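Visitor: Structure in structure tokens, see below.
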Amino acid sequence: MDQFLYEAPKNSADLVNCLKRADENTYLLSGGTDLIIKLRNRGIYSGRIIDMSGIAEHRYIKLGDGYVKIGANVTFAEIGESEIINLNAACLGQAARQVGSQQIRNAARMAGNIANSSPRGDSIPALLALDAKVRTINGKGETKLRTIDEIVVGISKNSLKRDEAITEIMIPCAKGPRRSAFGKYGRESSRTSVVIANINVAAVVGFDTDTGLIRDASVVVGSAAPVPYHAEQAEKVLNGCRPTKELGDRFTAALKEHVIQSINGVKRYENKIDEVAGIGLNIYHDLFGDMIAGGDCIWKKN
Amino acid sequence: MEEKLRYVGKYVPMHDVRDKVTGRVKYAGDMVLPGMLYAKLVLSDIAHGYIKSIDTSEAEAMPGVRAVFTYRNSPDNLYNSHKWIGGLEVIKDERLFTDKVRYFGDRIAAVVAVDKHTAEKAARLIKVEYEVLPVIISPEDALKNDTVKIHESGNVVFTKELSCGEAEKEMENAYLVVSDRIETPKVHHAAMETHACIAETDSSGNITVWTPCQVIFQVQLIISEALGIPESKIRVIKTTLGGSFGGKSQPTIEPVCAFLSQQLKKPVKLVMDRTEAIIGTRTRTKTIGTVKTAVDKEGNIIARDIDMLVDAGAYLTNGTAIAIAMGKKAFKLYRIKNQRYSTTSVYTNTPIGGAARGYGSPQIHAVTEINMENVARELGMDPVELRLRNLVHPYDKDPIGGPDLGNARIIDCVTRGAEAFNWKERYSRHKEAGRFVRGVGMACCAHGNGYFGAYPDFITMSLRISGDGYALLKGAVHDLGCGTNTIMMQIIAETLDMDIEKVRLAETDTLVCPFDSAGTQASRVTFVCGGAAMKAAKLLKEKIARYSAGIFECSIEDVIMKNGFIWDRNNETVKMSYGEAATIIQNRYCDEAGETVTYQSPGNPTSYCANFAEVEVDTVTGMVKVLDFLAVHDIGKAINPEFVAGQIQGSIQMGMGMALSEEITFDKNGKVQNDRFGRYMVVNAPDMPDVKVLLIEEGEEFGPYGAKSVGEIATVAAAPAIINAINNALDIRLDSLPATPERIMEKIREKRKNNDC
């Protein structure tokens, strides 16, 4: 009779031991919200499951060494509610609160979302925009630090080795004033929650403390291409400018242009163009709404 | 009512609510019988083609697999799952396992194994080779294309016309004629519980079937026809239902499950997953409606011409019945002297259409009510005024000879609703120029109360008082989760004047319950079955009173029956409980304190409803938010107002889905694109407006305590009301449901383009 071998390491050392014996039939379970469905859909009835949800030492959100550090065993619900996240990486908090349903957010871990590498994943654009680093550990106990785009390499394809597990996600803290925002729309309907992204965008901007001009804009578009990418034109539009209403229109137009190029004329993806325009306006309002009055920007130095 | 009512008109909690919310209730999927085997269906992954070869050897060889069945080793008896009563003429075109695949999801095989996983795994090993045929997805293509035949008889199955007056002639000289062509979608019922069934066979070949169903006698009949065995050898027991909405009305997996058990002489369980339920059961029938309405200057409807093209899907099922049902509704809402309704039903290579809450009413009313609002717009008239000018009045006759409309209170619904919704002010409000634009819309609708006037409509019920003072009802009412049993309990407790805690219903079972002609469908249960329960209770009360007069040695006029006790008006010190009376009746008179009645429905009045909606549309994305919603119902009398409100709120959720997001879609090969809830978008709680409910309770002559139907009609007007609100917000004319952001943006662009010209 088919059966799964189930292992539940309790700490990092246990995990390394489990990883040592990882082979092509080994599955790493983080929250299980993607994995269980995949096993079912693919008719996989046997193998080895390493359930990492019992590793207490990977369950933290903290500040240290100039980073926001998030342990791999933290749920989206915890990220969405975290004060540290919402103060230092607002767009990630917003993304976390829009993943699936509350039930999914209570179980799903961001580390799993990264490893799953779905082009529609919500945390990935936010992490990429924030220039996050991912720490992994392998069966020999070696750790490694990589960027998001080094890990997420294709449609549901990551670059992790069979014996590698994500242990921590690190987001660099801001050097100066910084704001960020995330937005998404679901697939072809007016539904606003429990939706899989049809398009999602994360934007992070810094400000020059003396002039109030936008700098270091980092804008990432997800669900429009096999992997999320930096919308360089939209970043260029923002950098060195003052947030006015007119700039918002240019920013949105730039996002649209990116998506038009990404979908490359495929008719069934055309709805992404209007959606990204809507998200563009939403996140622009999130980022700069309080600074714009009567079409002009008011920079308050705090 | 002169007397004060104790239970009717009050909230009584659903009889099994405690078990449901604490997870104790057992659904069919939870049941386990000793030695039970598990079945898994193999559904086709192409939409049209002959099975050239089917290799089951690898699956059969798998340890734990007991058998694999296909068309080669199963009966080829044809049946039509829509047939609910013997004698009903139907076209039979479905069989247990097909040799020709007609839609993506057609049944080709079943694997039976010792456990679920083995069955699932083995099902993946079955290899099918097809001779692929061209597919027909659109019903309009089915009309034109006769070279690709889905069934031998051709793709057009049925045409029919209903009419009064001379619509065509009157149309010619009318002041204004407004035409619309509107498509309604193929929709999944989305009950929480997917289809499930267990069948067990005894050594004599008698089969017992447990199923969450709407019509036990229909399940019995269809199994009998599919398997070619007598109905009496089949016992069907209804299980606790986790939602149906028509989706479990026509038997789907029951004949299959019964056959598997019959062959293996073992209990067999068959449970569908969500994908199977979406593609492989029944759907709300897709329609394409064209309507022309002619009015005079004042907005009086002079004539109307409606044509409905019905997409029956791959097997006819109720493709004819629903086409007629839709037509009948068109004559019951407005006073239209000259009207023609024509309809054509066609086969397509798509999932089977079937019963779905409203049974065609949501489709026909979507077409006609969107058109009505367009008429109002072209006339420059408030749509409420246009409707009030034309709506039917109480006790109007049906112009095509159908049952009388009864106490038809739609005018009250519209006037009181418009007032409560503050319609006038909201409708005349200036439109915003920004990104988000608001609009209001309304719609009216009509729906029936059972089958009277069309099909046999009667139920036999047996009610008795036991020695311990309980009232026990045997009657084939199927509680689908809407509180049907509680409604019966309220009617019985009220009529017998006793404690409702002491009223019990047997679970619906063909071996236990007397015959019922039509099942829990057609909005007949409260009106017809409730009427039967009331009649049984009345007769029983009279019978007990007669015997009590003998026991107390008083005249029957002096017998008082109240709150479970009986006494002689002239001697209040001696009281006997209903249970004591039952015992004495049994012992002294050799009779039971019971009555069995066969109740023929006395009529089929029309229920009415008006919906009012306010929406906000994002003109950048085309996304719609329903801000406010009011449902006004001509319900006669609400037996349980909380249940009524629950029915209405759930109905609006379904109607919103039909208006905004729900549609089964296909690729060019007929493969279903949204075969799971991640892709098939039902409206969920955060997007629901606070649905306000207003009940018009003016009493219906033939209904128990004046009640008439609400469960189906409640979902009928929602979609057109919302579409009308979007049209009002953007000054566009949507013509295809659901109004997805994409379709709305297309209309916005069209309008911008026209304005630029």
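Naming scheme: A, B, ... for chains in displayed order of the structure tokens; residues 1 onward per chain; ligands 1 onward as shown.
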Using only C-alpha atoms, which protein or nucleic acid residues come within 8 Å of stretch 19-27 of chain B? Drop anything in the same chain fewer than 2 positions from it, and give the result as a list of chain:residue names.
Guide: B:Asp16, B:Val17, B:Gly29, B:Asp30, B:Met31, B:Pro212, B:Thr239, B:Thr240, B:Leu241, B:Gly242
Visitor: Neighbouring residues of stretch 731-746 of chain B were defined as those with any atom within 8 Å, considering only C-alpha atoms; residues of the same chain fewer than 5 positions away were excluded. Please report them as a list in words.
Guide: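 After dropping sequence-adjacent residues, the list is Glu188, Ser189, Ser190 and Asn271 of chain A; Asp180, Arg181, Ile182, Glu183, Thr184, Pro185, Asn374, Thr619, Val620, Thr621, Gly622, Met623, Val624, Gly657, Met658, Ala659, Leu660, Ser661, Glu662, Glu663, Ile723, Ile726 and Lys751 of chain B.
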Visitor: Would you mind exporting the chosen residues as a short mmCIF file (atom, residue, chain, number, x, y, z; two decimals), in the first residue's frame, restricted to N, CA, C and O atoms?
Guide:
data_model
loop_
_atom_site.label_atom_id
_atom_site.label_comp_id
_atom_site.auth_asym_id
_atom_site.auth_seq_id
_atom_site.Cartn_x
_atom_site.Cartn_y
_atom_site.Cartn_z
N GLU A 188 -10.29 38.32 -13.59
CA GLU A 188 -11.49 38.57 -14.40
C GLU A 188 -12.80 38.62 -13.63
O GLU A 188 -13.79 38.08 -14.07
N SER A 189 -12.80 39.20 -12.46
CA SER A 189 -14.08 39.38 -11.78
C SER A 189 -13.96 40.54 -10.82
O SER A 189 -12.88 41.04 -10.53
N SER A 190 -15.13 40.94 -10.30
CA SER A 190 -15.15 42.06 -9.37
C SER A 190 -14.83 41.62 -7.95
O SER A 190 -14.88 42.42 -7.03
N ASN A 271 -6.96 41.90 -20.28
CA ASN A 271 -7.61 42.50 -19.11
C ASN A 271 -6.60 42.97 -18.07
O ASN A 271 -6.90 43.79 -17.22
N ASP B 180 -33.55 44.05 -27.55
CA ASP B 180 -32.31 43.65 -26.89
C ASP B 180 -32.02 42.19 -27.19
O ASP B 180 -32.94 41.39 -27.39
N ARG B 181 -30.74 41.89 -27.20
CA ARG B 181 -30.32 40.49 -27.30
C ARG B 181 -29.41 40.27 -26.10
O ARG B 181 -28.39 40.94 -25.96
N ILE B 182 -29.80 39.37 -25.22
CA ILE B 182 -29.06 39.21 -23.96
C ILE B 182 -28.70 37.75 -23.71
O ILE B 182 -29.54 36.86 -23.84
N GLU B 183 -27.44 37.54 -23.39
CA GLU B 183 -26.96 36.18 -23.09
C GLU B 183 -26.87 35.98 -21.59
O GLU B 183 -26.35 36.83 -20.88
N THR B 184 -27.38 34.84 -21.13
CA THR B 184 -27.20 34.49 -19.72
C THR B 184 -26.26 33.29 -19.63
O THR B 184 -26.24 32.46 -20.53
N PRO B 185 -25.49 33.20 -18.56
CA PRO B 185 -24.40 32.22 -18.51
C PRO B 185 -24.81 30.83 -18.03
O PRO B 185 -25.84 30.65 -17.39
N ASN B 374 -34.27 49.47 -20.42
CA ASN B 374 -33.84 50.14 -21.64
C ASN B 374 -35.01 50.87 -22.31
O ASN B 374 -34.84 51.94 -22.89
N THR B 619 -14.37 52.97 -13.30
CA THR B 619 -14.30 53.13 -14.75
C THR B 619 -12.90 52.86 -15.31
O THR B 619 -12.71 52.84 -16.52
N VAL B 620 -11.95 52.67 -14.42
CA VAL B 620 -10.59 52.32 -14.89
C VAL B 620 -10.47 50.81 -15.10
O VAL B 620 -9.87 50.36 -16.07
N THR B 621 -11.05 50.03 -14.18
CA THR B 621 -10.90 48.57 -14.27
C THR B 621 -12.18 47.86 -14.68
O THR B 621 -12.14 46.69 -15.06
N GLY B 622 -13.33 48.51 -14.54
CA GLY B 622 -14.60 47.86 -14.83
C GLY B 622 -15.12 47.03 -13.67
O GLY B 622 -16.07 46.27 -13.81
N MET B 623 -14.48 47.18 -12.52
CA MET B 623 -14.94 46.41 -11.36
C MET B 623 -16.16 47.06 -10.72
O MET B 623 -16.29 48.28 -10.69
N VAL B 624 -17.05 46.20 -10.21
CA VAL B 624 -18.32 46.68 -9.67
C VAL B 624 -18.43 46.32 -8.20
O VAL B 624 -18.12 45.20 -7.79
N GLY B 657 -23.75 36.69 -8.35
CA GLY B 657 -22.78 35.87 -9.09
C GLY B 657 -23.14 35.82 -10.56
O GLY B 657 -22.29 35.99 -11.44
N MET B 658 -24.43 35.61 -10.82
CA MET B 658 -24.90 35.55 -12.22
C MET B 658 -24.69 36.91 -12.89
O MET B 658 -24.38 36.99 -14.08
N ALA B 659 -24.85 37.98 -12.13
CA ALA B 659 -24.72 39.32 -12.70
C ALA B 659 -23.27 39.70 -12.94
O ALA B 659 -22.95 40.36 -13.92
N LEU B 660 -22.38 39.27 -12.03
CA LEU B 660 -21.04 39.86 -12.05
C LEU B 660 -19.89 38.90 -12.35
O LEU B 660 -18.88 39.30 -12.91
N SER B 661 -19.99 37.64 -11.93
CA SER B 661 -18.76 36.86 -12.01
C SER B 661 -18.90 35.39 -12.37
O SER B 661 -17.92 34.76 -12.73
N GLU B 662 -20.08 34.80 -12.24
CA GLU B 662 -20.17 33.35 -12.43
C GLU B 662 -20.50 32.95 -13.86
O GLU B 662 -21.52 33.35 -14.40
N GLU B 663 -19.64 32.17 -14.44
CA GLU B 663 -19.89 31.64 -15.78
C GLU B 663 -18.90 30.51 -16.06
O GLU B 663 -17.69 30.70 -15.90
N ILE B 723 -27.48 44.58 -13.19
CA ILE B 723 -27.10 45.00 -14.55
C ILE B 723 -27.72 46.36 -14.87
O ILE B 723 -27.05 47.24 -15.42
N ILE B 726 -25.73 49.05 -13.27
CA ILE B 726 -24.47 49.34 -13.98
C ILE B 726 -24.77 50.15 -15.24
O ILE B 726 -24.11 51.15 -15.53
N LYS B 751 -18.55 53.27 -25.89
CA LYS B 751 -19.25 54.53 -25.68
C LYS B 751 -18.32 55.72 -25.90
O LYS B 751 -18.71 56.69 -26.55
#
Visitor: Which residues are close to B:Ala109, i.e. within 8 Å by only C-alpha atoms, leaving aside same-chain residues fewer than 3 positions away? Reply as a ChimeraX atom specification.
Guide: /B:41-43,68-71,97
Visitor: Expressed in Å to a single decimal, how great is the separation between atom CA of B:Val626 and atom CA of B:Phe436?
Guide: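 Between atom CA of B:Val626 and atom CA of B:Phe436 the gap works out to 12.4 Å.
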Visitor: With a cut-off of 12 Å, could you pull out the residues of chain A touching chain B and give me the nearest pair of atoms for each, distance in Å to one decimal, using only C-alpha atoms, ordered by chain and ascending number, as a tab-separated table?
Guide:
residue	atom	partner	partner_atom	distance
A:Met1	CA	B:Pro63	CA	8.5
A:Asp2	CA	B:Thr118	CA	8.7
A:Gln3	CA	B:His117	CA	10.3
A:Ile37	CA	B:Gly678	CA	11.7
A:Arg40	CA	B:Glu120	CA	9.9
A:Asn41	CA	B:Glu120	CA	10.8
A:Arg42	CA	B:Arg124	CA	10.0
A:Gly43	CA	B:Lys121	CA	6.7
A:Ile44	CA	B:Lys121	CA	8.7
A:Tyr45	CA	B:His117	CA	7.7
A:Ser46	CA	B:His117	CA	10.9
A:Gly100	CA	B:Gly678	CA	9.6
A:Ser101	CA	B:Asn684	CA	10.6
A:Gln102	CA	B:Pro686	CA	11.8
A:Lys184	CA	B:Thr621	CA	11.8
A:Tyr185	CA	B:Thr621	CA	9.4
A:Gly186	CA	B:Arg679	CA	9.6
A:Arg187	CA	B:Arg679	CA	7.4
A:Glu188	CA	B:Thr740	CA	6.4
A:Ser189	CA	B:Ser661	CA	5.3
A:Ser190	CA	B:Met623	CA	4.8
A:Arg191	CA	B:Val683	CA	6.5
A:Thr192	CA	B:Asp687	CA	6.8
A:Ser193	CA	B:Pro686	CA	7.0
A:Val194	CA	B:Asn684	CA	8.2
A:Val195	CA	B:Gly678	CA	7.3
A:Ile196	CA	B:Gly678	CA	7.1
A:Ala197	CA	B:Gly678	CA	10.5
A:Asn198	CA	B:Arg679	CA	10.8
A:Ile199	CA	B:Thr621	CA	11.9
A:Thr252	CA	B:Val620	CA	11.1
A:Lys256	CA	B:Val620	CA	11.9
A:Lys267	CA	B:Glu742	CA	11.5
A:Arg268	CA	B:Glu742	CA	10.1
A:Tyr269	CA	B:Glu742	CA	10.5
A:Glu270	CA	B:Glu742	CA	8.8
A:Asn271	CA	B:Glu742	CA	6.1
A:Lys272	CA	B:Thr621	CA	9.2
A:Ile273	CA	B:Thr621	CA	8.7
A:Asp274	CA	B:Thr621	CA	5.1
A:Glu275	CA	B:Thr621	CA	5.3
A:Val276	CA	B:Thr621	CA	8.3
A:Ala277	CA	B:Val620	CA	6.8
A:Gly278	CA	B:Val620	CA	5.7
A:Ile279	CA	B:Thr621	CA	8.9
A:Gly280	CA	B:Val620	CA	10.4
A:Leu281	CA	B:Val620	CA	9.2
A:Asn282	CA	B:Val620	CA	10.8
Visitor: Rounded to one decimal place, report the atom CA of B:Tyr347-atom CA of B:Gly313 distance in Å.
Guide: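 It comes out at 5.2 Å.
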Visitor: Excluding B:Val271 and residues on its chain fewer than 2 positions from it, collect all residues at most 8 Å away from it, counting only C-alpha atoms, and give them as a PDB file with C-alpha atoms, in the first residue's frame.
Guide:
ATOM      1  CA  GLY B  29     -19.843  11.715   2.536  1.00  0.00           C
ATOM      2  CA  ALA B  39     -15.755   4.326  -6.442  1.00  0.00           C
ATOM      3  CA  LYS B  40     -14.071   6.906  -8.610  1.00  0.00           C
ATOM      4  CA  THR B 194     -20.581  18.089  -3.530  1.00  0.00           C
ATOM      5  CA  HIS B 195     -22.581  15.179  -4.946  1.00  0.00           C
ATOM      6  CA  ALA B 196     -22.286  12.024  -2.869  1.00  0.00           C
ATOM      7  CA  CYS B 197     -24.043   8.683  -2.772  1.00  0.00           C
ATOM      8  CA  LYS B 269     -19.587   4.990  -1.896  1.00  0.00           C
ATOM      9  CA  ASP B 273     -14.839  16.446  -5.858  1.00  0.00           C
TER      10      ASP B 273
END
Visitor: May I have all residues of stretch 120-283 of chain A that DSSP, computed from the backbone, assigns to alpha helix (DSSP H), given as number ranges by chain?
Guide: A: 123-129, 148-151, 232-238, 245-263, 271-283
Visitor: When DSSP is applied to the backbone of this structure, which of stretch 99-208 of chain B are assigned strand (DSSP E)? Write them out as a ChimeraX atom specification.
Guide: /B:100-101,107-113,127-132,156-164,176-184,196-201,207-208
Visitor: So which residues touch A:Gly289 within 12 Å, counting only C-alpha atoms, skipping near sequence neighbours fewer than 3 positions away, as number ranges by chain?
Guide: A: 179, 181, 243-245, 247-248, 281-286, 292-299
Visitor: Can you spit out the residues from that selection as a compact mmCIF listing (two decimals), in the first residue's frame, using all heavy atoms?
Guide:
# COMPACT_ATOMS: atom_id res chain seq x y z
N ARG A 179 8.61 54.80 1.82
CA ARG A 179 7.22 54.35 1.83
C ARG A 179 7.07 53.20 0.84
O ARG A 179 7.84 53.10 -0.11
CB ARG A 179 6.27 55.47 1.40
CG ARG A 179 6.11 56.56 2.44
CD ARG A 179 5.15 57.61 1.95
NE ARG A 179 4.88 58.57 3.01
CZ ARG A 179 3.93 59.48 2.94
NH1 ARG A 179 3.15 59.56 1.86
NH2 ARG A 179 3.74 60.34 3.92
N ALA A 181 3.98 50.37 -1.03
CA ALA A 181 2.57 49.98 -1.19
C ALA A 181 2.48 48.78 -2.13
O ALA A 181 3.34 48.56 -2.98
CB ALA A 181 1.75 51.14 -1.75
N PRO A 243 5.87 64.21 -6.06
CA PRO A 243 4.60 63.52 -6.34
C PRO A 243 3.45 64.49 -6.59
O PRO A 243 2.93 65.07 -5.65
CB PRO A 243 4.36 62.68 -5.08
CG PRO A 243 5.20 63.30 -4.02
CD PRO A 243 6.33 64.02 -4.68
N THR A 244 3.09 64.65 -7.82
CA THR A 244 1.91 65.45 -8.17
C THR A 244 0.88 64.52 -8.78
O THR A 244 1.17 63.37 -9.06
CB THR A 244 2.27 66.51 -9.24
OG1 THR A 244 2.81 65.82 -10.37
CG2 THR A 244 3.28 67.50 -8.71
N LYS A 245 -0.31 65.05 -9.02
CA LYS A 245 -1.36 64.25 -9.64
C LYS A 245 -0.94 63.82 -11.04
O LYS A 245 -1.17 62.68 -11.45
CB LYS A 245 -2.64 65.08 -9.70
CG LYS A 245 -3.88 64.23 -9.79
CD LYS A 245 -5.13 65.03 -9.67
CE LYS A 245 -6.32 64.21 -10.16
NZ LYS A 245 -6.20 63.75 -11.54
N LEU A 247 2.03 63.33 -12.13
CA LEU A 247 3.05 62.27 -12.06
C LEU A 247 2.37 60.90 -11.91
O LEU A 247 2.82 59.91 -12.48
CB LEU A 247 4.00 62.52 -10.89
CG LEU A 247 5.18 61.55 -10.78
CD1 LEU A 247 6.18 61.79 -11.90
CD2 LEU A 247 5.88 61.66 -9.42
N GLY A 248 1.26 60.88 -11.17
CA GLY A 248 0.51 59.63 -10.98
C GLY A 248 0.03 59.08 -12.31
O GLY A 248 0.08 57.87 -12.55
N LEU A 281 -3.05 53.51 -10.00
CA LEU A 281 -3.69 54.66 -9.34
C LEU A 281 -3.84 54.40 -7.84
O LEU A 281 -3.61 55.28 -7.02
CB LEU A 281 -5.05 54.93 -9.97
CG LEU A 281 -5.04 55.44 -11.42
CD1 LEU A 281 -6.45 55.47 -11.99
CD2 LEU A 281 -4.40 56.83 -11.49
N ASN A 282 -4.22 53.15 -7.50
CA ASN A 282 -4.41 52.81 -6.08
C ASN A 282 -3.11 52.96 -5.30
O ASN A 282 -3.08 53.58 -4.24
CB ASN A 282 -4.90 51.37 -5.92
CG ASN A 282 -6.30 51.16 -6.47
OD1 ASN A 282 -7.00 52.13 -6.78
ND2 ASN A 282 -6.71 49.91 -6.59
N ILE A 283 -2.04 52.37 -5.81
CA ILE A 283 -0.81 52.40 -5.00
C ILE A 283 -0.18 53.78 -5.02
O ILE A 283 0.41 54.21 -4.04
CB ILE A 283 0.21 51.29 -5.36
CG1 ILE A 283 0.70 51.38 -6.79
CG2 ILE A 283 -0.32 49.91 -5.08
CD1 ILE A 283 1.78 50.35 -7.09
N TYR A 284 -0.38 54.50 -6.12
CA TYR A 284 0.14 55.88 -6.15
C TYR A 284 -0.56 56.71 -5.06
O TYR A 284 0.06 57.49 -4.35
CB TYR A 284 -0.09 56.50 -7.53
CG TYR A 284 0.64 57.81 -7.71
CD1 TYR A 284 2.00 57.83 -8.04
CD2 TYR A 284 -0.01 59.02 -7.50
CE1 TYR A 284 2.68 59.03 -8.17
CE2 TYR A 284 0.67 60.23 -7.62
CZ TYR A 284 2.02 60.22 -7.96
OH TYR A 284 2.70 61.41 -8.07
N HIS A 285 -1.86 56.47 -4.94
CA HIS A 285 -2.63 57.16 -3.91
C HIS A 285 -2.17 56.73 -2.51
O HIS A 285 -2.02 57.55 -1.60
CB HIS A 285 -4.12 56.88 -4.09
CG HIS A 285 -4.98 57.59 -3.10
ND1 HIS A 285 -5.37 57.01 -1.92
CD2 HIS A 285 -5.48 58.85 -3.09
CE1 HIS A 285 -6.09 57.88 -1.24
NE2 HIS A 285 -6.18 59.01 -1.93
N ASP A 286 -1.90 55.45 -2.35
CA ASP A 286 -1.39 54.93 -1.07
C ASP A 286 -0.06 55.60 -0.71
O ASP A 286 0.18 55.97 0.43
CB ASP A 286 -1.11 53.42 -1.19
CG ASP A 286 -2.31 52.59 -0.79
OD1 ASP A 286 -3.38 53.18 -0.60
OD2 ASP A 286 -2.15 51.36 -0.66
N ILE A 292 -0.42 65.16 -1.87
CA ILE A 292 -0.92 65.90 -3.02
C ILE A 292 -2.13 66.71 -2.59
O ILE A 292 -3.08 66.18 -2.03
CB ILE A 292 -1.32 64.95 -4.16
CG1 ILE A 292 -0.16 64.06 -4.55
CG2 ILE A 292 -1.82 65.74 -5.36
CD1 ILE A 292 -0.53 62.86 -5.37
N ALA A 293 -2.09 68.01 -2.87
CA ALA A 293 -3.25 68.85 -2.60
C ALA A 293 -3.45 69.73 -3.81
O ALA A 293 -2.51 70.39 -4.27
CB ALA A 293 -3.03 69.70 -1.35
N GLY A 294 -4.62 69.71 -4.37
CA GLY A 294 -4.94 70.53 -5.55
C GLY A 294 -3.96 70.30 -6.68
O GLY A 294 -3.60 71.22 -7.41
N GLY A 295 -3.53 69.07 -6.85
CA GLY A 295 -2.65 68.73 -7.96
C GLY A 295 -1.18 69.00 -7.65
O GLY A 295 -0.30 68.61 -8.40
N ASP A 296 -0.90 69.68 -6.53
CA ASP A 296 0.50 69.97 -6.20
C ASP A 296 0.96 69.15 -5.02
O ASP A 296 0.19 68.70 -4.20
CB ASP A 296 0.67 71.46 -5.87
CG ASP A 296 0.64 72.29 -7.13
OD1 ASP A 296 1.11 71.78 -8.17
OD2 ASP A 296 0.11 73.40 -7.07
N CYS A 297 2.27 69.03 -4.96
CA CYS A 297 2.84 68.23 -3.89
C CYS A 297 3.23 69.11 -2.71
O CYS A 297 3.76 70.20 -2.87
CB CYS A 297 4.06 67.51 -4.41
SG CYS A 297 5.04 66.79 -3.09
N ILE A 298 2.90 68.63 -1.54
CA ILE A 298 3.32 69.33 -0.33
C ILE A 298 4.30 68.42 0.41
O ILE A 298 3.93 67.34 0.87
CB ILE A 298 2.12 69.64 0.58
CG1 ILE A 298 1.06 70.43 -0.20
CG2 ILE A 298 2.56 70.40 1.82
CD1 ILE A 298 -0.32 70.24 0.33
N TRP A 299 5.53 68.80 0.48
CA TRP A 299 6.54 67.99 1.16
C TRP A 299 6.70 68.47 2.59
O TRP A 299 6.99 69.63 2.84
CB TRP A 299 7.88 68.07 0.43
CG TRP A 299 9.01 67.49 1.21
CD1 TRP A 299 10.03 68.17 1.82
CD2 TRP A 299 9.24 66.11 1.47
NE1 TRP A 299 10.88 67.31 2.45
CE2 TRP A 299 10.42 66.02 2.25
CE3 TRP A 299 8.57 64.93 1.15
CZ2 TRP A 299 10.95 64.80 2.70
CZ3 TRP A 299 9.11 63.73 1.59
CH2 TRP A 299 10.27 63.68 2.35
Visitor: Would you mind telling me which residue in B:Arg546, B:Lys562, B:His430, B:Arg18 lies nearest to B:Lys575 when using only C-alpha atoms?
Guide: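 Closest candidate: B:Lys562.
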Visitor: What's the 7 Å shell around A:Ser53, counting only C-alpha atoms, without same-chain residues fewer than 5 positions away, as a count of residues only?
Guide: 3
Visitor: Just checking: using only C-alpha atoms, which residue out of A:Ala72, A:Ile55, A:Val237, A:Ala115 ends up closest to A:Asn11?
Guide: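 The closest residue to A:Asn11 is A:Ile55.
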Visitor: Which one of A:Glu83, A:Glu78, A:Glu24, A:Asp51 sits closest to A:Leu63 if you count only C-alpha atoms?
Guide: A:Glu83
Visitor: Considering only C-alpha atoms, return as a list in words whatever protein or nucleic-acid residues lie within 7 Å of stretch 438-442 of chain B, sequence-local ones (same chain, fewer than 2 positions apart) excluded.
Guide: Arg426, Tyr427, Lys431, Phe436, Asn611, Phe612, Ala613, Glu614, Val615, Glu616, Val617, Ala721, Ile722, Asn724, Ala725, Ile726, Asn728 and Ala729 of chain B
Visitor: One decimal, Å: what's the distance from atom CA of B:Ser203 over to atom CA of B:Phe259, could you say?
Guide: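 Separating atom CA of B:Ser203 from atom CA of B:Phe259 is a distance of 14.6 Å.
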Visitor: Show me a table, sorted first by chain and then by increasing residue number, of the residues of stretch 57-124 of chain A having an atom at most 9 Å from stretch 135-158 of chain A, each with its shortest atom pair and the distance in Å to one decimal, counting only C-alpha atoms and written as JSON lines.
Guide:
{"residue": "A:Ile114", "atom": "CA", "partner": "A:Val152", "partner_atom": "CA", "distance": 7.0}
{"residue": "A:Ala115", "atom": "CA", "partner": "A:Asn158", "partner_atom": "CA", "distance": 6.1}
{"residue": "A:Asn116", "atom": "CA", "partner": "A:Ser156", "partner_atom": "CA", "distance": 5.7}
{"residue": "A:Ser117", "atom": "CA", "partner": "A:Ser156", "partner_atom": "CA", "distance": 4.5}
{"residue": "A:Ser118", "atom": "CA", "partner": "A:Ser156", "partner_atom": "CA", "distance": 4.6}
{"residue": "A:Pro119", "atom": "CA", "partner": "A:Ile155", "partner_atom": "CA", "distance": 5.8}
{"residue": "A:Ile124", "atom": "CA", "partner": "A:Ile148", "partner_atom": "CA", "distance": 7.4}
Visitor: Rank nothing, just name the residue among A:Leu28, A:Ile70, A:Leu19, A:Ala217 nearest to A:Thr167, using only C-alpha atoms.
Guide: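 Among A:Leu28, A:Ile70, A:Leu19, A:Ala217, it is A:Ile70 that comes nearest to A:Thr167.
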